[in-house]
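Asks: Input: one structure, supplied below.
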Amino acid sequence: MRNLWLFLANLPMERKLIVVFIFLISLPITYVSYLSSHSMFNSVLANATDSAGQMTVSASDTIDRYIADLKRNTALPLYNTDVQFYLEQHNTDWDKNTHMAMFLSYLNHTKEEIIAVYLVDHFDSVFYDKNPGINQLFPEERLAKWKALSLAAGTAPVIQGRQTIRVNSNEHREVFSVLRTVTSVSTLKSIGILIFDVNINLFKGIIDPVNAVTQGNTMIIDDKGGLMYAGADTGDQTAEKQAINLQLLLQKVDKQNGHFQMDLDGQSYLAVYTVSKITGWTTLVSIPLSRILSPVEKNRNVLISTTLIIIAFALFVATVISHALTKPLKSMVRLMKQVQHGNLDVWIHPKYNDEIGMLGSHFNRMIIRVKDLLQEVSLTEKRKQKADMRALQNQINPHFIYNTLESIRMLAESSDDSRVAELTYLLGVQMRYGIVRSEETVTIRHELDHVRNYFHLLQIRFPDKFRLNIDVPEDFQHLPVIKLVFQPIVENAVFHGLEHKEGPGTLILSAWNEDGHAVFCVEDDGVGMDEDNLHSLNDSLTHGAAGEMFGIGLRNVNERIRLHYGSEFGLRVKSQLGEGTRVTLRIKDPSSDNNLE
């Protein structure tokens with residue numbers, strides 16, 4: 001995500017605007033299109049499911065009513081005394097045949113789909129009536145099965161599933177049967193069996209309307225899981241494959257009514273089913289999802305085409321608008337590059353008063369300001385050159401004084417006045433240290449030598465008045481420090497602390513390490529100062545307050561230290577009236593951070 005954000009952030013402004021336009025337009029349209037397509041898909045699927053469910057329920061009810069009528073007809077022998085009589089008659093004569101034929105003919109004509117009606121008497125004689133076109137039936141081949149079913153069912157009617165029967169010697173018909181044991185009204189004992197053979201094509205007229213509406217394949221499965229009827233051609237599928245698919249479908253049937261989706265032979269199907277409470281048969285229609293969703297796919301393709309056209313138009317508009325918005329910015333960038341190469345004679349002519357126009361106006365003002373600043377810098381540089389010239393000229397006077405002192409020293413030596421000669425020599429050394437060593441930093445050793453020379457001058461002037469004790473470890477001697485730091489502090493201690501003291505005074509200069517910094521201390525045992533003066537002095541050093549009360553020596557050293565090392569460094573003064581003064585100086589120790597100042 002971060003890399004993607006960096007990629008987008010580094011795009012030119014024109015492309016960023018195009019991307020923004022595309023996202024603002026294409027994403028909502030795509031999302032709405034998806035919702036519409038998804039909603040249409042669900043709606044079509046729900047409607048197809050509801051329609052198929054209603055059709056399967058209607059087909060199942062029709063079959064139930066038909067089977068119920070057949071079951072009621074199987075009870076008619078109970079109400080016919082002649083049939084009851086002849087079923088118990090052992091001999092078969094003309095009267096028995098006649099009465100049986102008339103009764104069976106009546107039953108055969110109750111339903112158009114009945115192709116044969118059989119009546120088995122108590123002595124296993126079979127009487128039947130058949131439809132025209134059937135010349136011969138072979139009930140003896142099925143008698144054993146009828147008797148077994150009848151015995152298992154008792155007096156209740158039994159439905160025998162789909163079966164193939166032989167007619168006319170070598171023809172076959174597909175039928176299902178409804179049979180019932182005929183009991184004697186007087187003895188309540190079994191005296192025969194009544195069987196209806198119903199043409200399996202009965203279901204064609206029931207499920208063809210279902211297939212026409214749902215565009216699927218409707219199947220009727222009996223309570224044993226056997227296929228009673230399938231409304232559509234199964235193509236090249238083998239019987240074994242059909243049985244496997246049927247079992248896969250039946251595994252999903254777990255309620256009286258329902259639907260599910262399933263993949264069979266690489267194709268997705270919607271299956272809607274109804275299980276009859278009366279027969280236990282399952283009416284199931286399987287509809288290829290491709291047929292249901294074909295209109296949805298067409299609408300989806302139209303929707304996708306429309307979306308692409310809108311996105312393409314949005315891209316064109318975004319390109320035009322972004323180009324119009326970024327053209328002034330590109331022009332400004334070109335002018336900025338010219339300014340970068342030193343050409344300040346550029347000018348932007350804003351056309352509008354929007355933010356880009358305001359940016360152009362401010363750019364013009366910036367160019368004017370830059371020109372003014374360059375003129376000011378030029379004038380400042382000229383003034384600096386004049387100041388440097390004056391500084392060089394001012395250096396002539398110290399050199400002149402130094403040369404004059406050297407002449408006085410030579411004259412004193414020629415006159416055998418060693419004291420004046422030494423004093424003049426030391427003064428010349430002091431001035432040469434400040435004049436000749438023009439570099440900004442020196443070592444601690446050089447600074448201490450300068451202090452010793454200065455103290456030697458004082459001892460010539462004030463014999464036995466001052467004593468100097470320098471206790472700086474050798475490790476500190478090589479440290480760099482800005483020039484003329486210790487001498488002004490020593491001079492301040494002598495003239496403000498030790499000179500006013502009765503008797504000799506001692507000055508100690510020591511050093512130590514503290515928190516990675518070098519700390520130097522100049523301590524005297526002079527007259528010291530009171531609390532008010534000490535507070536004023538420290539406040540002046542801390543805040544850089546100007547004033548003449550304490551001279552310029554300490555303040556000058558303190559300001560140079562703070563400018564060179566940082567505001568956290570500088571001088572700190574401690575003093576007690578009548579006991580002396582202690583000035584500490586903290587500077588960076590280069591050995592602690594490997595950064596030589």
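Quick note on naming: the chains in the structure tokens go A, B, ... in the order shown, residues restart at 1 in each chain, and ligands are numbered from 1 in order of appearance.
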So which residues touch Asp263 (chain A) within 10 Å, counting only C-alpha atoms, skipping near sequence neighbours fewer than 6 positions away, as a list of chain:residue names?
Replies: A:Asn245, A:Leu248, A:Leu249, A:Tyr269, A:Leu270, A:Pro288, A:Leu289
Asks: Output C-alpha atoms for every residue in that selection, as an mmCIF file, in the first residue's frame.
Replies:
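Result file is part.cif:
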```
data_model
loop_
_atom_site.group_PDB
_atom_site.id
_atom_site.type_symbol
_atom_site.label_atom_id
_atom_site.label_comp_id
_atom_site.auth_asym_id
_atom_site.auth_seq_id
_atom_site.Cartn_x
_atom_site.Cartn_y
_atom_site.Cartn_z
ATOM 1 C CA ASN A 245 -27.237 -38.613 -11.206
ATOM 2 C CA LEU A 248 -27.045 -37.502 -6.305
ATOM 3 C CA LEU A 249 -30.234 -35.498 -6.696
ATOM 4 C CA TYR A 269 -28.584 -26.980 -12.275
ATOM 5 C CA LEU A 270 -31.355 -25.575 -10.130
ATOM 6 C CA PRO A 288 -29.924 -25.646 -16.237
ATOM 7 C CA LEU A 289 -28.865 -22.334 -14.726
#
```
Asks: Going by DSSP on the backbone, which bits of region 210-378 of chain A are strand (DSSP E or B)? Write them as an NGL selection string, please.
Replies: :A and (217-221 or 227-230 or 257-264 or 267-275 or 282-288)
Asks: List the neighbours of Pro12 (chain A) out to 12 Å using only C-alpha atoms; skip same-chain residues closer than 5 positions along the sequence, and give me the result as a list in words.
Replies: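 Non-adjacent residues within range: Phe7, Leu17, Ile18, Val19, Ser322, His323, Thr326, Lys327, Leu329, Lys330 and Val333 of chain A.
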Asks: Take the selection from the previous step and output its residues with all heavy atoms, as a PDB file, in the first residue's frame.
Replies:
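And here is the file that came out, result_22.pdb:
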```
ATOM      1  N   PHE A   7       3.749   5.724  -5.548  1.00  0.00           N
ATOM      2  CA  PHE A   7       3.624   5.781  -7.005  1.00  0.00           C
ATOM      3  C   PHE A   7       2.588   6.827  -7.422  1.00  0.00           C
ATOM      4  O   PHE A   7       2.832   7.626  -8.331  1.00  0.00           O
ATOM      5  CB  PHE A   7       3.239   4.399  -7.526  1.00  0.00           C
ATOM      6  CG  PHE A   7       2.900   4.367  -8.996  1.00  0.00           C
ATOM      7  CD1 PHE A   7       3.902   4.438  -9.945  1.00  0.00           C
ATOM      8  CD2 PHE A   7       1.577   4.294  -9.420  1.00  0.00           C
ATOM      9  CE1 PHE A   7       3.598   4.421 -11.300  1.00  0.00           C
ATOM     10  CE2 PHE A   7       1.262   4.281 -10.767  1.00  0.00           C
ATOM     11  CZ  PHE A   7       2.279   4.339 -11.708  1.00  0.00           C
ATOM     12  N   LEU A  17      -5.174  13.994 -11.586  1.00  0.00           N
ATOM     13  CA  LEU A  17      -6.562  14.422 -11.791  1.00  0.00           C
ATOM     14  C   LEU A  17      -7.333  13.397 -12.621  1.00  0.00           C
ATOM     15  O   LEU A  17      -8.506  13.127 -12.350  1.00  0.00           O
ATOM     16  CB  LEU A  17      -6.578  15.792 -12.484  1.00  0.00           C
ATOM     17  CG  LEU A  17      -6.093  16.973 -11.631  1.00  0.00           C
ATOM     18  CD1 LEU A  17      -6.049  18.233 -12.466  1.00  0.00           C
ATOM     19  CD2 LEU A  17      -6.989  17.175 -10.422  1.00  0.00           C
ATOM     20  N   ILE A  18      -6.669  12.827 -13.629  1.00  0.00           N
ATOM     21  CA  ILE A  18      -7.336  11.807 -14.447  1.00  0.00           C
ATOM     22  C   ILE A  18      -7.698  10.609 -13.587  1.00  0.00           C
ATOM     23  O   ILE A  18      -8.813  10.075 -13.662  1.00  0.00           O
ATOM     24  CB  ILE A  18      -6.426  11.397 -15.618  1.00  0.00           C
ATOM     25  CG1 ILE A  18      -6.280  12.572 -16.599  1.00  0.00           C
ATOM     26  CG2 ILE A  18      -6.992  10.183 -16.332  1.00  0.00           C
ATOM     27  CD1 ILE A  18      -5.309  12.296 -17.726  1.00  0.00           C
ATOM     28  N   VAL A  19      -6.749  10.185 -12.748  1.00  0.00           N
ATOM     29  CA  VAL A  19      -7.013   9.046 -11.866  1.00  0.00           C
ATOM     30  C   VAL A  19      -8.177   9.345 -10.929  1.00  0.00           C
ATOM     31  O   VAL A  19      -9.063   8.507 -10.696  1.00  0.00           O
ATOM     32  CB  VAL A  19      -5.743   8.685 -11.064  1.00  0.00           C
ATOM     33  CG1 VAL A  19      -6.064   7.656  -9.984  1.00  0.00           C
ATOM     34  CG2 VAL A  19      -4.668   8.146 -11.995  1.00  0.00           C
ATOM     35  N   SER A 322      -8.372  18.003 -16.922  1.00  0.00           N
ATOM     36  CA  SER A 322      -7.078  18.001 -16.234  1.00  0.00           C
ATOM     37  C   SER A 322      -6.023  18.777 -17.025  1.00  0.00           C
ATOM     38  O   SER A 322      -5.191  19.475 -16.450  1.00  0.00           O
ATOM     39  CB  SER A 322      -6.612  16.569 -16.000  1.00  0.00           C
ATOM     40  OG  SER A 322      -6.453  15.887 -17.224  1.00  0.00           O
ATOM     41  N   HIS A 323      -6.085  18.647 -18.361  1.00  0.00           N
ATOM     42  CA  HIS A 323      -5.147  19.417 -19.178  1.00  0.00           C
ATOM     43  C   HIS A 323      -5.394  20.912 -19.027  1.00  0.00           C
ATOM     44  O   HIS A 323      -4.449  21.711 -18.915  1.00  0.00           O
ATOM     45  CB  HIS A 323      -5.273  18.994 -20.642  1.00  0.00           C
ATOM     46  CG  HIS A 323      -4.391  19.772 -21.570  1.00  0.00           C
ATOM     47  ND1 HIS A 323      -3.023  19.577 -21.622  1.00  0.00           N
ATOM     48  CD2 HIS A 323      -4.685  20.757 -22.467  1.00  0.00           C
ATOM     49  CE1 HIS A 323      -2.505  20.413 -22.520  1.00  0.00           C
ATOM     50  NE2 HIS A 323      -3.491  21.128 -23.053  1.00  0.00           N
ATOM     51  N   THR A 326      -4.099  21.960 -15.507  1.00  0.00           N
ATOM     52  CA  THR A 326      -2.656  21.879 -15.244  1.00  0.00           C
ATOM     53  C   THR A 326      -1.815  22.672 -16.239  1.00  0.00           C
ATOM     54  O   THR A 326      -0.611  22.828 -16.019  1.00  0.00           O
ATOM     55  CB  THR A 326      -2.203  20.411 -15.284  1.00  0.00           C
ATOM     56  OG1 THR A 326      -2.542  19.830 -16.558  1.00  0.00           O
ATOM     57  CG2 THR A 326      -2.878  19.615 -14.180  1.00  0.00           C
ATOM     58  N   LYS A 327      -2.420  23.159 -17.322  1.00  0.00           N
ATOM     59  CA  LYS A 327      -1.645  23.934 -18.299  1.00  0.00           C
ATOM     60  C   LYS A 327      -0.996  25.164 -17.669  1.00  0.00           C
ATOM     61  O   LYS A 327       0.204  25.413 -17.895  1.00  0.00           O
ATOM     62  CB  LYS A 327      -2.550  24.316 -19.467  1.00  0.00           C
ATOM     63  CG  LYS A 327      -1.810  25.042 -20.585  1.00  0.00           C
ATOM     64  CD  LYS A 327      -2.741  25.358 -21.743  1.00  0.00           C
ATOM     65  CE  LYS A 327      -1.982  26.095 -22.859  1.00  0.00           C
ATOM     66  NZ  LYS A 327      -2.881  26.417 -23.987  1.00  0.00           N
ATOM     67  N   LEU A 329      -0.141  25.519 -14.573  1.00  0.00           N
ATOM     68  CA  LEU A 329       0.903  25.030 -13.670  1.00  0.00           C
ATOM     69  C   LEU A 329       2.147  24.615 -14.436  1.00  0.00           C
ATOM     70  O   LEU A 329       3.279  24.880 -13.998  1.00  0.00           O
ATOM     71  CB  LEU A 329       0.371  23.855 -12.855  1.00  0.00           C
ATOM     72  CG  LEU A 329      -0.752  24.169 -11.868  1.00  0.00           C
ATOM     73  CD1 LEU A 329      -1.229  22.897 -11.195  1.00  0.00           C
ATOM     74  CD2 LEU A 329      -0.269  25.159 -10.819  1.00  0.00           C
ATOM     75  N   LYS A 330       1.957  23.951 -15.587  1.00  0.00           N
ATOM     76  CA  LYS A 330       3.114  23.574 -16.392  1.00  0.00           C
ATOM     77  C   LYS A 330       3.863  24.814 -16.877  1.00  0.00           C
ATOM     78  O   LYS A 330       5.106  24.839 -16.887  1.00  0.00           O
ATOM     79  CB  LYS A 330       2.655  22.733 -17.585  1.00  0.00           C
ATOM     80  CG  LYS A 330       2.111  21.362 -17.208  1.00  0.00           C
ATOM     81  CD  LYS A 330       1.666  20.593 -18.447  1.00  0.00           C
ATOM     82  CE  LYS A 330       1.130  19.216 -18.076  1.00  0.00           C
ATOM     83  NZ  LYS A 330       0.652  18.471 -19.279  1.00  0.00           N
ATOM     84  N   VAL A 333       5.893  26.071 -14.046  1.00  0.00           N
ATOM     85  CA  VAL A 333       7.078  25.245 -13.810  1.00  0.00           C
ATOM     86  C   VAL A 333       8.182  25.599 -14.784  1.00  0.00           C
ATOM     87  O   VAL A 333       9.363  25.692 -14.411  1.00  0.00           O
ATOM     88  CB  VAL A 333       6.704  23.746 -13.910  1.00  0.00           C
ATOM     89  CG1 VAL A 333       7.952  22.876 -13.910  1.00  0.00           C
ATOM     90  CG2 VAL A 333       5.797  23.350 -12.758  1.00  0.00           C
TER      91      VAL A 333
END
```
Asks: From a DSSP pass on the backbone, collect the residues of region 123-183 of chain A flagged as alpha helix (DSSP H) and hand them back as a VMD selection string.
Replies: chain A and resid 143 to 153
Asks: Go ahead and write the selection's residues with N, CA and C atoms as a compact mmCIF listing (two decimals), in the first residue's frame.
Replies:
```
# COMPACT_ATOMS: atom_id res chain seq x y z
N LEU A 143 -48.25 -63.11 -11.77
CA LEU A 143 -49.15 -63.51 -10.70
C LEU A 143 -48.42 -63.65 -9.38
N ALA A 144 -47.26 -64.25 -9.40
CA ALA A 144 -46.52 -64.46 -8.14
C ALA A 144 -46.18 -63.12 -7.47
N LYS A 145 -45.79 -62.15 -8.28
CA LYS A 145 -45.45 -60.83 -7.71
C LYS A 145 -46.68 -60.17 -7.12
N TRP A 146 -47.85 -60.33 -7.83
CA TRP A 146 -49.07 -59.72 -7.31
C TRP A 146 -49.45 -60.33 -5.97
N LYS A 147 -49.35 -61.61 -5.87
CA LYS A 147 -49.74 -62.28 -4.63
C LYS A 147 -48.81 -61.87 -3.49
N ALA A 148 -47.53 -61.72 -3.78
CA ALA A 148 -46.59 -61.30 -2.73
C ALA A 148 -46.91 -59.89 -2.25
N LEU A 149 -47.16 -58.96 -3.17
CA LEU A 149 -47.49 -57.58 -2.80
C LEU A 149 -48.79 -57.53 -2.02
N SER A 150 -49.77 -58.32 -2.49
CA SER A 150 -51.07 -58.32 -1.83
C SER A 150 -50.98 -58.85 -0.43
N LEU A 151 -50.20 -59.89 -0.26
CA LEU A 151 -50.04 -60.48 1.06
C LEU A 151 -49.35 -59.51 2.00
N ALA A 152 -48.35 -58.78 1.50
CA ALA A 152 -47.61 -57.84 2.35
C ALA A 152 -48.45 -56.64 2.72
N ALA A 153 -49.36 -56.22 1.85
CA ALA A 153 -50.13 -55.00 2.10
C ALA A 153 -51.40 -55.25 2.87
```
Asks: Residues at most 7 Å from region 201-207 of chain A, counting only C-alpha atoms, excluding those fewer than 2 positions away in the same chain, as a ChimeraX atom specification?
Replies: /A:59,113,199,209-211,218,229,231
Asks: Convert the current residue selection to file output with N, CA and C atoms, as a PDB file, in the first residue's frame.
Replies:
```pdb
ATOM      1  N   ALA A  59     -48.254 -30.386 -10.243  1.00  0.00           N
ATOM      2  CA  ALA A  59     -48.119 -31.697 -10.887  1.00  0.00           C
ATOM      3  C   ALA A  59     -48.258 -32.817  -9.862  1.00  0.00           C
ATOM      4  N   GLU A 113     -56.157 -43.685 -19.303  1.00  0.00           N
ATOM      5  CA  GLU A 113     -54.765 -44.151 -19.315  1.00  0.00           C
ATOM      6  C   GLU A 113     -54.633 -45.615 -18.885  1.00  0.00           C
ATOM      7  N   ASN A 199     -50.817 -46.815 -18.143  1.00  0.00           N
ATOM      8  CA  ASN A 199     -49.761 -46.429 -19.074  1.00  0.00           C
ATOM      9  C   ASN A 199     -48.880 -45.345 -18.441  1.00  0.00           C
ATOM     10  N   PRO A 209     -46.373 -29.562 -19.335  1.00  0.00           N
ATOM     11  CA  PRO A 209     -46.546 -28.131 -19.026  1.00  0.00           C
ATOM     12  C   PRO A 209     -45.486 -27.600 -18.053  1.00  0.00           C
ATOM     13  N   VAL A 210     -45.057 -28.464 -17.125  1.00  0.00           N
ATOM     14  CA  VAL A 210     -44.006 -28.042 -16.191  1.00  0.00           C
ATOM     15  C   VAL A 210     -42.711 -27.770 -16.947  1.00  0.00           C
ATOM     16  N   ASN A 211     -42.344 -28.669 -17.848  1.00  0.00           N
ATOM     17  CA  ASN A 211     -41.112 -28.482 -18.621  1.00  0.00           C
ATOM     18  C   ASN A 211     -41.207 -27.266 -19.537  1.00  0.00           C
ATOM     19  N   THR A 218     -38.373 -32.591 -15.871  1.00  0.00           N
ATOM     20  CA  THR A 218     -39.135 -33.014 -14.697  1.00  0.00           C
ATOM     21  C   THR A 218     -39.089 -34.531 -14.591  1.00  0.00           C
ATOM     22  N   TYR A 229     -40.765 -41.641 -14.224  1.00  0.00           N
ATOM     23  CA  TYR A 229     -40.882 -41.009 -15.535  1.00  0.00           C
ATOM     24  C   TYR A 229     -39.930 -39.826 -15.583  1.00  0.00           C
ATOM     25  N   GLY A 231     -39.169 -36.491 -18.118  1.00  0.00           N
ATOM     26  CA  GLY A 231     -39.858 -35.788 -19.185  1.00  0.00           C
ATOM     27  C   GLY A 231     -39.007 -35.442 -20.366  1.00  0.00           C
TER      28      GLY A 231
END
```
Asks: Which neighbours of Ala314 (chain A) fall inside 12 Å, counting only C-alpha atoms, when residues of the same chain fewer than 4 positions from it are skipped, and could you give them as an MDAnalysis selection string?
Replies: chainID A and resid 17:27 29 307:310 318:322
Asks: Just to confirm, what's the straight-line distance from CA of Glu502 (chain A) to CA of His456 (chain A) in Å (one decimal)?
Replies: 20.4 Å
Asks: Excluding region 512-521 of chain A and any residue of its chain fewer than 2 positions from it, enumerate the residues within 8 Å of it, using only C-alpha atoms, and give them as a ChimeraX atom specification.
Replies: /A:472-473,476,508-510,523,582-589,592
Asks: CA of Tyr454 (chain A) and CA of Val573 (chain A), how far apart in Å?
Replies: 22.0 Å
Asks: Of the candidates A:Thr49, A:Ile191, A:Val158, A:Ser43, which one gets nearest to Gln89 (chain A) if we count only C-alpha atoms?
Replies: A:Ile191
Asks: So that I can see what lies close to Gln163 (chain A), please list as a list in words the residues with an atom at most 9 Å from it, counting only C-alpha atoms and leaving out residues fewer than 6 positions away in the same chain.
Replies: Arg173, Glu174, Val175, Phe176, Ser177 and Met228 of chain A
Asks: Would you put the residues from that selection into a file with C-alpha atoms, as a compact mmCIF listing (two decimals), in the first residue's frame?
Replies:
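Ended up saving to out_4.txt:
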```
# COMPACT_ATOMS: atom_id res chain seq x y z
CA ARG A 173 -45.32 -51.58 -22.60
CA GLU A 174 -44.17 -49.36 -19.72
CA VAL A 175 -46.77 -49.26 -16.94
CA PHE A 176 -47.22 -48.82 -13.23
CA SER A 177 -49.81 -50.79 -11.29
CA MET A 228 -41.11 -43.47 -12.70
```
